$ cat target25.tsv   # TSV, C-alpha atoms
chain	number	residue	atom	x	y	z
A	1	MET	CA	0.00	0.00	0.00
A	2	ASN	CA	1.43	3.36	-0.93
A	3	ASP	CA	1.03	6.81	0.56
A	4	SER	CA	-0.40	8.64	-2.47
A	5	PRO	CA	-2.96	11.20	-1.31
A	6	SER	CA	-6.62	11.25	-2.30
A	7	ALA	CA	-8.01	14.59	-3.46
A	8	ASP	CA	-11.41	13.96	-1.86
A	9	PHE	CA	-10.39	12.40	1.44
A	10	ASP	CA	-8.84	13.98	4.53
A	11	ALA	CA	-7.01	11.17	6.34
A	12	GLN	CA	-5.97	13.37	9.25
A	13	ALA	CA	-9.54	14.58	9.83
A	14	LEU	CA	-10.79	10.99	9.98
A	15	ALA	CA	-7.95	10.02	12.32
A	16	ASP	CA	-8.80	12.96	14.60
A	17	SER	CA	-12.48	11.93	14.67
A	18	LEU	CA	-11.65	8.30	15.46
A	19	TYR	CA	-9.17	9.38	18.13
A	20	SER	CA	-11.72	11.62	19.86
A	21	LEU	CA	-14.33	8.85	19.89
A	22	ARG	CA	-11.81	6.33	21.24
A	23	VAL	CA	-10.69	8.65	24.04
A	24	ALA	CA	-14.34	9.26	24.99
A	25	GLY	CA	-15.17	5.53	24.79
A	26	ARG	CA	-17.90	6.26	22.26
A	27	SER	CA	-18.87	5.11	18.78
A	28	GLN	CA	-20.93	6.52	15.93
A	29	ALA	CA	-22.63	5.20	12.82
A	30	THR	CA	-20.73	4.62	9.59
A	31	ALA	CA	-22.92	7.20	7.85
A	32	GLU	CA	-21.59	9.93	10.16
A	33	PHE	CA	-17.99	9.49	8.95
A	34	SER	CA	-16.22	10.63	5.83
A	35	THR	CA	-15.17	7.15	4.71
A	36	PRO	CA	-12.00	6.16	2.84
A	37	ASP	CA	-12.48	5.12	-0.76
A	38	ASP	CA	-10.12	2.18	-0.60
A	39	LEU	CA	-7.55	0.36	1.52
A	40	GLU	CA	-4.74	2.75	0.57
A	41	THR	CA	-6.56	5.83	1.87
A	42	ALA	CA	-7.72	3.82	4.89
A	43	MET	CA	-4.09	3.09	5.75
A	44	GLN	CA	-3.25	6.80	5.56
A	45	ALA	CA	-5.87	7.45	8.25
A	46	GLN	CA	-4.76	4.42	10.26
A	47	ARG	CA	-1.17	5.67	10.34
A	48	ALA	CA	-2.34	9.11	11.46
A	49	LEU	CA	-4.50	7.57	14.20
A	50	ALA	CA	-1.67	5.32	15.38
A	51	ALA	CA	0.67	8.31	15.56
A	52	ARG	CA	-1.81	10.24	17.75
A	53	GLU	CA	-2.25	7.25	20.03
A	54	GLY	CA	1.47	6.54	20.27
A	55	ALA	CA	1.04	2.97	19.04
A	56	PRO	CA	4.26	0.92	18.76
A	57	ARG	CA	5.65	0.01	15.35
A	58	ASN	CA	6.87	-3.47	16.25
A	59	ALA	CA	3.56	-5.19	17.17
A	60	TRP	CA	0.82	-5.78	14.61
A	61	LYS	CA	-2.32	-7.74	13.86
A	62	VAL	CA	-2.87	-9.26	10.44
A	63	ALA	CA	-6.28	-9.90	8.94
A	64	MET	CA	-8.04	-10.32	5.60
A	65	SER	CA	-10.38	-7.85	3.93
A	66	PRO	CA	-13.70	-9.05	2.41
A	67	ASP	CA	-12.06	-8.90	-1.04
A	68	LYS	CA	-9.22	-11.15	0.19
A	69	HIS	CA	-6.51	-8.52	0.60
A	70	ALA	CA	-4.22	-9.03	3.58
A	71	VAL	CA	-4.17	-6.01	5.90
A	72	VAL	CA	-2.43	-5.03	9.14
A	73	ALA	CA	-2.94	-2.68	12.08
A	74	PRO	CA	-0.76	-1.79	15.08
A	75	LEU	CA	-1.59	-3.19	18.53
A	76	HIS	CA	-2.17	-0.59	21.26
A	77	PRO	CA	-2.04	-0.56	24.23
A	78	TYR	CA	0.41	-3.45	24.07
A	79	VAL	CA	1.96	-5.37	26.96
A	80	GLU	CA	4.29	-8.35	27.16
A	81	THR	CA	3.94	-10.64	30.17
A	82	ALA	CA	4.93	-14.10	31.36
A	83	ARG	CA	1.51	-14.69	32.89
A	84	ASP	CA	-0.52	-11.65	34.12
A	85	ALA	CA	-1.50	-8.48	32.27
A	86	GLU	CA	-3.70	-5.45	32.94
A	87	LEU	CA	-5.52	-3.52	30.21
A	88	PRO	CA	-8.37	-0.96	30.06
A	89	TYR	CA	-11.97	-2.18	29.76
A	90	LEU	CA	-14.79	-0.63	27.72
A	91	PRO	CA	-18.47	-1.69	27.79
A	92	GLY	CA	-19.24	-4.04	24.91
A	93	MET	CA	-15.60	-5.03	24.54
A	94	LYS	CA	-14.82	-8.40	22.95
A	95	PHE	CA	-11.94	-10.77	23.73
A	96	GLU	CA	-9.99	-13.02	21.38
A	97	VAL	CA	-7.38	-15.69	22.12
A	98	GLU	CA	-4.65	-15.84	19.50
A	99	ILE	CA	-1.26	-17.23	18.61
A	100	ALA	CA	1.32	-14.51	17.99
A	101	ILE	CA	4.74	-14.94	16.44
A	102	ARG	CA	8.01	-13.03	16.52
A	103	LEU	CA	10.16	-12.83	13.41
A	104	GLY	CA	13.73	-14.03	13.74
A	105	ARG	CA	14.79	-12.44	10.45
A	106	ASP	CA	13.63	-9.83	7.96
A	107	LEU	CA	11.05	-10.73	5.32
A	108	PRO	CA	11.67	-8.10	2.63
A	109	VAL	CA	9.37	-7.59	-0.34
A	110	LYS	CA	10.60	-9.80	-3.18
A	111	ALA	CA	9.56	-10.80	-6.68
A	112	GLU	CA	9.12	-14.50	-5.90
A	113	ALA	CA	6.33	-15.52	-3.53
A	114	TYR	CA	7.25	-16.70	-0.06
A	115	SER	CA	6.21	-20.26	0.68
A	116	ARG	CA	4.51	-21.12	3.95
A	117	GLU	CA	7.64	-23.06	4.90
A	118	GLU	CA	9.78	-19.94	4.47
A	119	ILE	CA	7.46	-17.94	6.71
A	120	TYR	CA	7.47	-20.71	9.33
A	121	ASP	CA	11.28	-20.85	9.24
A	122	ALA	CA	11.41	-17.07	9.82
A	123	VAL	CA	9.46	-17.42	13.09
A	124	SER	CA	11.80	-17.32	16.08
A	125	GLU	CA	9.16	-17.68	18.84
A	126	ALA	CA	5.43	-18.28	19.18
A	127	TYR	CA	3.26	-16.99	22.02
A	128	LEU	CA	-0.17	-17.23	23.57
A	129	GLY	CA	-1.85	-13.84	23.24
A	130	ALA	CA	-5.13	-12.05	23.89
A	131	GLU	CA	-6.64	-9.21	21.87
A	132	LEU	CA	-9.28	-6.73	22.99
A	133	LEU	CA	-11.74	-5.42	20.39
A	134	SER	CA	-13.90	-2.31	20.51
A	135	SER	CA	-14.62	-0.06	17.54
A	136	ALA	CA	-15.38	3.64	17.29
A	137	ILE	CA	-17.73	2.60	14.46
A	138	GLU	CA	-21.13	1.26	15.53
A	139	GLU	CA	-21.26	-1.31	12.72
A	140	SER	CA	-17.53	-2.14	12.97
A	141	GLY	CA	-16.58	-3.22	9.44
A	142	LYS	CA	-19.96	-4.47	8.25
A	143	LEU	CA	-20.77	-1.42	6.10
A	144	SER	CA	-17.28	-0.10	5.26
A	145	PHE	CA	-14.23	-2.27	5.73
A	146	PRO	CA	-11.84	0.56	4.75
A	147	LEU	CA	-13.31	2.67	7.58
A	148	TYR	CA	-12.81	-0.24	9.99
A	149	LEU	CA	-9.24	-0.63	8.75
A	150	ALA	CA	-8.63	3.04	9.54
A	151	ASP	CA	-9.95	2.31	13.06
A	152	ARG	CA	-7.07	-0.18	13.50
A	153	ILE	CA	-9.42	-3.09	12.71
A	154	GLY	CA	-11.07	-2.56	16.08
A	155	ASN	CA	-7.97	-3.26	18.18
A	156	ARG	CA	-8.15	-1.76	21.67
A	157	GLY	CA	-5.36	-3.65	23.38
A	158	TYR	CA	-3.16	-6.72	23.30
A	159	ALA	CA	-1.41	-8.91	25.84
A	160	LEU	CA	1.49	-10.98	24.54
A	161	GLY	CA	1.67	-13.85	27.00
A	162	PRO	CA	3.95	-16.83	27.56
A	163	ALA	CA	5.99	-18.45	24.84
A	164	VAL	CA	4.48	-21.67	23.49
A	165	ALA	CA	5.95	-24.51	21.48
A	166	LYS	CA	6.52	-23.26	17.95
A	167	THR	CA	4.94	-26.47	16.66
A	168	LEU	CA	1.57	-25.13	17.89
A	169	VAL	CA	1.61	-22.90	14.81
A	170	ASP	CA	0.92	-26.10	12.87
A	171	THR	CA	-1.05	-28.12	15.44
A	172	VAL	CA	-3.15	-25.62	17.41
A	173	SER	CA	-6.36	-26.97	15.86
A	174	GLN	CA	-5.75	-30.11	17.92
A	175	ALA	CA	-5.45	-28.11	21.15
A	176	LYS	CA	-8.12	-27.51	23.77
A	177	LEU	CA	-8.90	-23.96	24.81
A	178	LYS	CA	-10.72	-22.66	27.89
A	179	VAL	CA	-11.53	-19.03	28.70
A	180	VAL	CA	-13.06	-18.10	32.07
A	181	GLN	CA	-14.06	-14.79	33.63
A	182	GLY	CA	-14.90	-15.16	37.30
A	183	ALA	CA	-17.44	-17.97	37.56
A	184	VAL	CA	-18.42	-17.70	33.89
A	185	THR	CA	-16.92	-19.98	31.24
A	186	ILE	CA	-16.82	-17.84	28.10
A	187	TYR	CA	-15.34	-20.50	25.84
A	188	GLU	CA	-14.45	-24.17	26.15
A	189	GLY	CA	-13.63	-26.34	23.18
A	190	SER	CA	-11.12	-26.84	20.39
A	191	ALA	CA	-8.98	-23.96	19.16
A	192	LYS	CA	-9.91	-23.04	15.60
A	193	HIS	CA	-8.45	-20.36	13.34
A	194	PRO	CA	-10.88	-18.74	10.82
A	195	VAL	CA	-8.91	-20.09	7.84
A	196	ASP	CA	-7.61	-23.21	9.63
A	197	ASP	CA	-4.02	-21.96	9.36
A	198	VAL	CA	-2.38	-19.67	11.91
A	199	LEU	CA	0.07	-18.46	9.25
A	200	GLY	CA	-2.47	-18.09	6.43
A	201	TRP	CA	-2.98	-14.33	6.59
A	202	LEU	CA	0.68	-13.63	7.35
A	203	VAL	CA	1.78	-15.55	4.25
A	204	ALA	CA	-0.68	-13.49	2.19
A	205	TYR	CA	0.62	-10.23	3.66
A	206	ALA	CA	4.27	-11.21	3.16
A	207	ASN	CA	3.48	-11.76	-0.52
A	208	ASP	CA	1.76	-8.39	-0.96
A	209	ALA	CA	4.12	-6.47	-3.25
A	210	SER	CA	2.52	-3.15	-2.22
A	211	ARG	CA	3.35	-3.47	1.50
A	212	HIS	CA	6.01	-1.22	3.00
A	213	GLU	CA	9.53	-2.50	2.43
A	214	GLY	CA	10.42	-2.72	6.12
A	215	SER	CA	7.04	-3.91	7.35
A	216	LEU	CA	8.17	-7.42	8.34
A	217	ALA	CA	11.48	-6.75	10.07
A	218	ILE	CA	13.35	-8.96	12.50
A	219	GLY	CA	11.88	-8.74	16.01
A	220	THR	CA	8.39	-7.75	14.81
A	221	VAL	CA	5.49	-9.37	16.67
A	222	ILE	CA	2.45	-10.35	14.59
A	223	THR	CA	-0.75	-11.74	16.03
A	224	THR	CA	-2.44	-14.04	13.60
A	225	GLY	CA	-6.21	-14.31	14.21
A	226	ALA	CA	-8.69	-15.60	16.75
A	227	LEU	CA	-8.72	-19.21	17.95
A	228	SER	CA	-12.07	-18.79	19.66
A	229	GLY	CA	-14.02	-16.16	17.77
A	230	ALA	CA	-14.65	-12.73	19.30
A	231	MET	CA	-16.18	-13.32	22.74
A	232	LEU	CA	-18.36	-10.65	24.35
A	233	LEU	CA	-17.22	-9.98	27.91
A	234	PRO	CA	-19.78	-9.67	30.72
A	235	GLY	CA	-17.84	-6.77	32.26
A	236	PRO	CA	-14.45	-5.79	33.72
A	237	GLY	CA	-12.40	-8.21	35.82
A	238	LYS	CA	-9.90	-11.01	35.35
A	239	VAL	CA	-10.10	-13.20	32.24
A	240	GLU	CA	-8.13	-16.45	32.45
A	241	VAL	CA	-6.97	-18.43	29.43
A	242	LEU	CA	-5.76	-22.04	29.37
A	243	LEU	CA	-4.44	-23.55	26.13
A	244	SER	CA	-3.48	-27.22	25.73
A	245	ASP	CA	-3.81	-27.70	29.53
A	246	GLU	CA	-0.32	-26.18	29.68
A	247	TYR	CA	-0.14	-22.50	28.73
A	248	GLU	CA	-1.85	-19.90	30.92
A	249	LEU	CA	-2.52	-16.19	30.53
A	250	SER	CA	-4.64	-13.90	32.68
A	251	VAL	CA	-5.76	-10.43	31.62
A	252	THR	CA	-7.32	-8.12	34.22
A	253	LEU	CA	-9.60	-5.57	32.56
A	254	VAL	CA	-9.93	-2.32	34.49
A	255	SER	CA	-12.73	0.21	33.96
$ encode --input "target25.tsv" --output "structure tokens"
Amino acid sequence: MNDSPSADFDAQALADSLYSLRVAGRSQATAEFSTPDDLETAMQAQRALAAREGAPRNAWKVAMSPDKHAVVAPLHPYVETARDAELPYLPGMKFEVEIAIRLGRDLPVKAEAYSREEIYDAVSEAYLGAELLSSAIEESGKLSFPLYLADRIGNRGYALGPAVAKTLVDTVSQAKLKVVQGAVTIYEGSAKHPVDDVLGWLVAYANDASRHEGSLAIGTVITTGALSGAMLLPGPGKVEVLLSDEYELSVTLVS
């Protein structure tokens, strides 16, 4: 995606509007925004929003647009923890359990497509992670995905938890997952990625010739998609995650 400006779209104005809504913990309807025309202009607004928020440049989520174009957004607020994390809570917030990876080498843009094996070999560590979702757009991305992309694909926080066996990148669909908040079991069952491959969207993004040259640099953390769907939380408090009866992460959500 390049940075060429659009004559009819003010990326900074949209970023300012999204930022104000996020700070106030509010949302508004898609129709009330000036929406980006495409993913390129959406990314201009996303970068402006991330700059206002002070989002890090080394931790990202990867996803897929409705027209099958791999997209990314920075994670913020972002914490790394061996076991326990604390993040802000908003009413209506959703919670996702994910596998994140850290790159052990650069993945520059190149003419030949990366294979999945090459991407796997570039992973130095894998982690259990948890993403918080809450959009400044009432309909999230249902009516305008570019607008949702500008809103950092709904990210409102991320906890990078304990390291897990790298082989889980390939076998997580065989793992059991349990998510509990207080006395309420929010999820219990098999872990399942939306495209049945933890690396699926990352491979697609790595092979996007229009991505920024340094976008997949050594040390970058990328979270790869929900293993449990987006779970609506009953309120603030401690959410506890158990994966494969071995890996644990707790995230305390504070109003």
$ closest_atom_pairs --input "target25.tsv" --of "range 144-207 of chain A" --to "range 26-42 of chain A" --cutoff "12 Å" --atoms "all atoms listed in the file" --output "JSON lines"
{"residue": "A:Ser144", "atom": "CA", "partner": "A:Thr30", "partner_atom": "CA", "distance": 7.3}
{"residue": "A:Phe145", "atom": "CA", "partner": "A:Leu39", "partner_atom": "CA", "distance": 8.3}
{"residue": "A:Pro146", "atom": "CA", "partner": "A:Ala42", "partner_atom": "CA", "distance": 5.3}
{"residue": "A:Leu147", "atom": "CA", "partner": "A:Thr35", "partner_atom": "CA", "distance": 5.6}
{"residue": "A:Tyr148", "atom": "CA", "partner": "A:Ala42", "partner_atom": "CA", "distance": 8.3}
{"residue": "A:Leu149", "atom": "CA", "partner": "A:Ala42", "partner_atom": "CA", "distance": 6.1}
{"residue": "A:Ala150", "atom": "CA", "partner": "A:Ala42", "partner_atom": "CA", "distance": 4.8}
{"residue": "A:Asp151", "atom": "CA", "partner": "A:Ala42", "partner_atom": "CA", "distance": 8.6}
{"residue": "A:Arg152", "atom": "CA", "partner": "A:Ala42", "partner_atom": "CA", "distance": 9.5}
{"residue": "A:Ile153", "atom": "CA", "partner": "A:Ala42", "partner_atom": "CA", "distance": 10.6}
{"residue": "A:Gly154", "atom": "CA", "partner": "A:Ser27", "partner_atom": "CA", "distance": 11.3}
$ closest_residue --input "target25.tsv" --among "A:Leu132, A:Leu143, A:Leu202, A:Ile222" --to "Pro66 in chain A" --atoms "all atoms listed in the file"
A:Leu143
$ closest_atom_pairs --input "target25.tsv" --of "range 37-147 of chain A" --to "range 160-171 of chain A" --cutoff "6 Å" --atoms "all atoms listed in the file" --output "tab-separated table"
residue	atom	partner	partner_atom	distance
A:Glu80	CA	A:Leu160	CA	4.6
A:Thr81	CA	A:Gly161	CA	5.1
A:Ala82	CA	A:Pro162	CA	4.8
A:Arg83	CA	A:Gly161	CA	6.0
A:Ala126	CA	A:Lys166	CA	5.2
A:Tyr127	CA	A:Ala163	CA	4.2
A:Leu128	CA	A:Gly161	CA	5.2
A:Gly129	CA	A:Leu160	CA	4.6
$ closest_residue --input "target25.tsv" --among "A:Arg156, A:Arg105, A:Lys94, A:His69" --to "Arg22 in chain A" --atoms "only C-alpha atoms"
A:Arg156
$ closest_residue --input "target25.tsv" --among "A:Lys178, A:His212, A:Ala217, A:Leu75" --to "Pro56 in chain A" --atoms "all atoms listed in the file"
A:Leu75
$ closest_residue --input "target25.tsv" --among "A:Pro236, A:Gly92, A:Pro194, A:Gly189" --to "Ala63 in chain A" --atoms "all atoms listed in the file"
A:Pro194
$ closest_residue --input "target25.tsv" --among "A:Gly237, A:Gly200, A:Pro108, A:Gly225" --to "Trp60 in chain A" --atoms "all atoms listed in the file"
A:Gly225
$ closest_residue --input "target25.tsv" --among "A:Thr185, A:Thr224, A:Ser173, A:Ser215" --to "Trp201 in chain A" --atoms "all atoms listed in the file"
A:Thr224
$ residues_near_point --input "target25.tsv" --point "(-9.9, 14.1, 9.0)" --cutoff "10 Å" --atoms "all atoms listed in the file" --output "MDAnalysis selection string"
chainID A and resid 9:18 33:35 45 48:49
$ residues_around --input "target25.tsv" --residues "Ala122 in chain A" --least-positions-apart "6" --cutoff "9 Å" --atoms "only C-alpha atoms" --output "PDB file with C-alpha atoms, in the frame of the given file"
ATOM      1  CA  ARG A 102       8.010 -13.030  16.520  1.00  0.00           C
ATOM      2  CA  LEU A 103      10.160 -12.830  13.410  1.00  0.00           C
ATOM      3  CA  GLY A 104      13.730 -14.030  13.740  1.00  0.00           C
ATOM      4  CA  ARG A 105      14.790 -12.440  10.450  1.00  0.00           C
ATOM      5  CA  ASP A 106      13.630  -9.830   7.960  1.00  0.00           C
ATOM      6  CA  LEU A 107      11.050 -10.730   5.320  1.00  0.00           C
ATOM      7  CA  ILE A 218      13.350  -8.960  12.500  1.00  0.00           C
TER       8      ILE A 218
END
$ residues_around --input "target25.tsv" --residues "Val79 in chain A" --least-positions-apart "4" --cutoff "8 Å" --atoms "only C-alpha atoms" --output "VMD selection string"
chain A and resid 85 158 to 160
$ residues_around --input "target25.tsv" --residues "Thr223 in chain A" --least-positions-apart "2" --cutoff "7 Å" --atoms "all atoms listed in the file" --output "VMD selection string"
chain A and resid 60 to 62 98 to 101 221 225
$ atom_distance --input "target25.tsv" --atom1 "CA of Glu138 in chain A" --atom2 "CA of Leu253 in chain A"
21.7 Å
$ residues_around --input "target25.tsv" --residues "Gly157 in chain A" --least-positions-apart "2" --cutoff "10 Å" --atoms "only C-alpha atoms" --output "list in words"
Pro74, Leu75, His76, Pro77, Tyr78, Val79, Glu86, Leu87, Pro88, Tyr89, Phe95, Ala130, Glu131, Leu132, Leu133, Ser134, Gly154, Asn155 and Ala159 of chain A
$ atom_distance --input "target25.tsv" --atom1 "CA of Ser124 in chain A" --atom2 "CA of Glu188 in chain A"
28.9 Å
$ residues_around --input "target25.tsv" --residues "Arg116 in chain A" --least-positions-apart "5" --cutoff "9 Å" --atoms "all atoms listed in the file" --output "PyMOL selection string"
chain A and resi 121+199-200+203
$ residues_near_point --input "target25.tsv" --point "(-7.8, -12.8, 32.4)" --cutoff "7 Å" --atoms "all atoms listed in the file" --output "JSON, numbers by chain"
{"A": [181, 238, 239, 240, 241, 249, 250, 251, 252]}
$ build_atoms --input "target25.tsv" --residues "range 156-168 of chain A" --atoms "N, CA and C atoms" --output "JSON list (two decimals), keeping the file's coordinate frame"
[["chain", "number", "residue", "atom", "x", "y", "z"],
["A", 156, "ARG", "N", -8.19, -2.66, 20.52],
["A", 156, "ARG", "CA", -8.15, -1.76, 21.67],
["A", 156, "ARG", "C", -7.21, -2.25, 22.76],
["A", 157, "GLY", "N", -6.35, -3.19, 22.42],
["A", 157, "GLY", "CA", -5.36, -3.65, 23.38],
["A", 157, "GLY", "C", -4.90, -5.06, 23.06],
["A", 158, "TYR", "N", -3.70, -5.38, 23.54],
["A", 158, "TYR", "CA", -3.16, -6.72, 23.30],
["A", 158, "TYR", "C", -2.20, -7.11, 24.41],
["A", 159, "ALA", "N", -2.33, -8.34, 24.86],
["A", 159, "ALA", "CA", -1.41, -8.91, 25.84],
["A", 159, "ALA", "C", -0.66, -10.06, 25.18],
["A", 160, "LEU", "N", 0.65, -9.90, 25.04],
["A", 160, "LEU", "CA", 1.49, -10.98, 24.54],
["A", 160, "LEU", "C", 1.92, -11.80, 25.75],
["A", 161, "GLY", "N", 1.44, -13.02, 25.83],
["A", 161, "GLY", "CA", 1.67, -13.85, 27.00],
["A", 161, "GLY", "C", 2.86, -14.77, 26.88],
["A", 162, "PRO", "N", 2.79, -15.93, 27.51],
["A", 162, "PRO", "CA", 3.95, -16.83, 27.56],
["A", 162, "PRO", "C", 4.29, -17.42, 26.20],
["A", 163, "ALA", "N", 5.57, -17.73, 26.04],
["A", 163, "ALA", "CA", 5.99, -18.45, 24.84],
["A", 163, "ALA", "C", 5.38, -19.85, 24.85],
["A", 164, "VAL", "N", 5.02, -20.32, 23.66],
["A", 164, "VAL", "CA", 4.48, -21.67, 23.49],
["A", 164, "VAL", "C", 5.38, -22.43, 22.52],
["A", 165, "ALA", "N", 5.19, -23.72, 22.45],
["A", 165, "ALA", "CA", 5.95, -24.51, 21.48],
["A", 165, "ALA", "C", 5.67, -24.01, 20.07],
["A", 166, "LYS", "N", 6.71, -23.77, 19.31],
["A", 166, "LYS", "CA", 6.52, -23.26, 17.95],
["A", 166, "LYS", "C", 5.68, -24.21, 17.11],
["A", 167, "THR", "N", 5.72, -25.49, 17.42],
["A", 167, "THR", "CA", 4.94, -26.47, 16.66],
["A", 167, "THR", "C", 3.43, -26.22, 16.77],
["A", 168, "LEU", "N", 2.99, -25.45, 17.77],
["A", 168, "LEU", "CA", 1.57, -25.13, 17.89],
["A", 168, "LEU", "C", 1.08, -24.32, 16.70]]
